[in-house]
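**Student:** Right, I'll just put the structure down here and ask away after.
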Amino acid sequence: MPKGASGTRANKTSTAWKRPSAASKKTPAARRSKTAVKKTAAHARVRKAPASKARKTTRASKAATPKTRKTTRVRKSAVGARKPTAEAIAKRNRVKQLEFLAKSSQLLNSTLNYDRLLGLIMKVVKDALDVETVSVIFYDRDKRNLVFELARGKHGREIVGLKVPAGTGIVGWVAKNKKPIIVNDVVRDKRFKPTLGKKLGIKARSIMSIPLKRGSRFIGVLEAVNRRKNLPFTDDDLDVFLALGNHIAAAIENARLYREAERKQLESALLYKVSATLGRSLALDDVLEEILKSLKRLICYDAAAIFVLDRKSQMLISEIHHGYDPAKEKRLLLKLDEGVVGWAARNKKGVVVPDCSKDPRYVNARKRTGSELVAPMLSRGKVIGLFNLESDAKDAYREKDLRLLNMFAAQAAVSIERASLYEEQRIKREIERELKLARTVQRYFTPTHTRTIGSYKLAGRNYPSLELSGDYFDFFPLEAPFAAFAIADVAGKGVPASIIMSSFRAILHTAAPYYTSARDIALRANEILLESVRRHEFVTAFIGVLNSSTGEVVYCNAGHNPPIVMRAGGEYEMLETGGPVLGVFEDIPLEEGSVMLGDGLLFCYTDGTIDAINRDEEPFEIESLVEFLKSHPRLGPSRICTALRRKLKAHTQGMPQVDDITFLAVKKKR
C-alpha cells in the first residue's frame with residue numbers, strides 16, 4: 001500500500017484523538033465495544049510493548065475506535081435480524097399449544113349440558129386441526145359395538161346413532177387396538193369404509209383417529225377427517241389431538257354423570273307424579289294416559305300400547321294405545337301365545353327386541369317398526385297386563401330402558417288392580433241384594449247338621465268365596481244299610497257356578513235313589529249335564545256309597561281332588577279310582593273303587609282348601625292337610641271340619657279367600 005495512503009489514514013486517525021496522556025490508556029477502553037476489549041486484552045497478555053511504541057499503538061487504536069464502534073453497531077443489527085433457532089421455534093409453539101389447550105379445557109368445562117358439549121368438541125377440534133368434519137363415537141358396553149354420537153357433514157347433515165361393530169373400519173381398528181392412527185390416503189387403506197362419508201356428503205381423503213380413555217377405561221373414539229387445503233396430517237397434529245383427547249374424555253365423563261343424575265331426578269319426579277295421579281283418580285284411562293305421557297319424556301317411542309289380561313278369554317286387550325293404524329279396531333287384541341307381548345306374558349319377564357324383522361315372535365302390527373320393548377305388569381306373581389313400546393329405528397332400546405319401563409309397569413299394575421277392584425266392588429254392590437237372596441236359597445239346600453247313618457256320622461261345611469258357591473256337598477240315605485254322599489266343584493264360581501251346582505244337586509237327588517253303584521250315579525249325572533252346560537263348563541265330583549253295616553265305601557272319583565282315608569296309626573291312602581270330569585265327554589270311561597273304612601276317617605275336600613294362600617303367596621297344599629288330619633285322630637266329622645277351618649284362617653293371615661272351600665267327613669261313631 002502507498003505510504004501516502006497509509007499516512008493519510010494515520011493523520012486522520014491522529015487528528016481524531018488530541019491530547020494523548022498516560023491516563024488515555026484506560027479512557028478509550030471504557031468506550032470500546034466488547035469485541036475490541038477482548039482483542040486488546042488478549043494482545044496485552046501475549047506481548048508487553050515498549051512505552052513509546054505502546055503510545056503509538058494507543059493513538060492508532062484511538063484513531064481506529066470510531067470505525068470500530070460503527071462496525072460494532074452494524075454487527076449488532078445483523079445479530080438482531082438473525083433467524084430464530086429450531087429450539088426457539090419449538091419453545092414458542094409449545095407455549096402457544098399450552099395456551100390453546102388451556103383455553104380449550106376451559107371452554108369444554110364451561111358446560112355440563114351433554115348436547116352443547118358435543119357441539120363444543122366439534123368446534124375445538126376443527127379450530128385446532130383445521131379439518132372438514134369431526135366424529136364423536138362412543139363404545140356401547142352392553143352391545144359391544146361403536147355408536148356415532150355425533151358427526152356433521154356438508155349442508156348441516158348429521159349422523160347420530162349409526163352403529164359400527166368393534167373392529168370394523170378405521171374407527172373399529174382404533175377401538176380394538178386402543179391406539180391412535182393417521183391415514184393420509186384412505187383409498188389405499190383396506191380398513192377404510194366409505195359409508196360414513198356418503199351419509200355426510202363428503203369424500204374422505206385423510207383420517208386421524210384417537211382412542212378416548214378415562215384412566216384405563218376405554219370410552220370411545222374421536223376422529224378428524226380431511227385437513228383443509230389437502231394438507232396431510234402430521235405427528236404434530238397427532239400430539240395436539242391426543243392432548244385434546246384427554247380434556248375431551250374428562251369433559252364427556254363429567255357431562256355423562258351430570259346427565260345421568262338429571263335423568264334419575266326426572267325419573268323420580270315422574271314416578272312421584274304418577275303415584276299422585278293414582279291417589280287422586282280411580283279412572284283407569286286417565287291414569288294410563290298420564291303414565292304414557294310421562295314415559296315419553298324418558299324413553300322415545302313411535303307407538304305404544306298398554307295391554308290388560310282378560311282372565312276369562314285369556315286374551316290381551318289394549319286399554320290404551322298410540323301410534324298404530326287408526327283404521328284398526330279401537331282395541332288391539334292378542335292371544336297369550338301370540339307375538340313378543342304374548343311371549344313376555346307367558347314368561348313373566350320383559351324383553352328387548354333390537355330388530356323386529358329378524359325376530360319370529362313379532363306380529364306385524366306396524367310395518368315401520370324397527371325395534372320393540374315389552375315389560376309385564378305383575379300382581380302377586382301373576383301377569384295382569386303388559387307395556388309395549390315400538391320404535392321405527394332398529395336397536396333403539398337398552399337394558400336400562402327395560403329397567404325403567406318395569407318401574408312404570410309396576411305403577412300401572414297398581415292402577416289396574418285398584419281400578420279392577422273398584423269396578424268389582426261397584427258391580428258387587430249392584431247385585432248384592434239379589435245375591436243375598438240366592439245365597440239364602442242355596443243354604444236351605446245345604447246340609448247344616450251332622451247326619452247319622454247306622455254306626456257312622458257324616459258332616460260337611462261350605463265356605464263360598466263370593467255370595468254364592470260353586471262347591472257342593474250332600475248326603476242322602478238309600479235303601480238300608482246304604483247311604484250316598486257326594487262332594488263336587490264346578491269350574492268357576494259365583495252365580496254361573498251356583499246355577500250349575502243347583503242343577504247337579506237336582507240330578508243326584510233324582511238319580512241316586514235308583515242306583516246303589518257310585519259309578520252308575522256318576523254316569524247318569526254326566527248324561528244330564530251334557531244337555532244343560534256349555535262346552536267350557538264342567539263338574540268335578542267324588543261320589544261314594546257307604547255300607548254302614550260293613551264299613552265298606554264304594555266310590556267313583558270323576559276328576560276331583562282325591563279324598564284321604566286316615567287310619568288310627570297315621571297311615572293314609574288317597575282315593576283316586578274313577579275317570580275324567582263330568583259334563584264334557586260322552587261315554588266316559590269311569591271306574592269304581594272300594595275301601596274298607598272301619599274306624600278310619602274319610603275326608604273329602606275341594607281345591608279351594610289346598611289352594612288357600614298366605615301373604616307370601618304360599619298355598620296350604622296337600623301335605624299340610626295330611627299332617628293336620630294326623631294330628632287330630634280323635635275328632636269327629638263335625639269338629640274336624642271346624643278345626644280345619646280355623647287352621648286355614650291362621651294360614652291365610654287375613655288374605656281374601658279366592659275360591660270356594662268345602663269339606664265332607666265320614667267317621668264311625670265312638
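Chain labels follow the order of the C-alpha cells: the first chain is A, the next B, and so on; residue numbering restarts at 1 in every chain, and ligands are counted from 1 in their shown order.
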Which polymer residues have any atom within 6 Å of an atom of region 468-484 of chain A, counting only C-alpha atoms, with same-chain residues fewer than 4 positions away left out, as a ChimeraX atom specification?

**Tutor:** /A:439,464,488-490,493-494,497-498,513,544-548

**Student:** Can you list, as a ChimeraX atom specification, every residue of region 324-371 of chain A that DSSP puts in helix (DSSP H, G or I)?

**Tutor:** /A:339-347,356-358

**Student:** Could you please take those selected residues and save C-alpha atoms as a compact mmCIF listing (two decimals), in the first residue's frame?

**Tutor:**
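Result written to result-v6.txt:
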```
# COMPACT_ATOMS: atom_id res chain seq x y z
CA GLY A 339 -96.27 -62.00 19.43
CA VAL A 340 -93.48 -60.64 21.60
CA VAL A 341 -96.15 -59.40 24.01
CA GLY A 342 -97.55 -62.92 24.40
CA TRP A 343 -94.04 -64.30 24.96
CA ALA A 344 -93.41 -61.75 27.74
CA ALA A 345 -96.77 -62.64 29.34
CA ARG A 346 -96.03 -66.38 29.34
CA ASN A 347 -92.50 -65.97 30.68
CA CYS A 356 -88.18 -56.91 14.76
CA SER A 357 -87.68 -58.03 11.17
CA LYS A 358 -85.38 -60.80 12.39
```

**Student:** Do you know which residues are at most 7 Å from region 131-143 of chain A counting only C-alpha atoms, after dropping those on the same chain fewer than 2 positions away, and could you put them as a list in words?

**Tutor:**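 So the residues in contact are Met122, Lys126, Leu129, Asn145, Leu146, Val147, Phe148, Glu149, Leu150, Ala151, Arg152, Gly153, Ile219, Gly220, Val221, Leu222, Glu223, Ala224, Val225, Asn226, Arg227 and Arg228 of chain A.
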
**Student:** Residues within 8 Å of region 522-537 of chain A, please, as a list in words. Count only C-alpha atoms; anything in the same chain fewer than 6 positions from it doesn't count.

**Tutor:** Val490, Ala491, Ile500, Phe504, Ile507, Leu508, Ala511, Ile543, Cys556, Ala558, Leu582, Gly583, Val584, Phe585, Glu586, Ile588 and Leu590 of chain A

**Student:** Which parts of region 229-319 of chain A does DSSP call strand (DSSP E) when run on the backbone here, written out as number ranges by chain?

**Tutor:** A: 303-310, 315-319
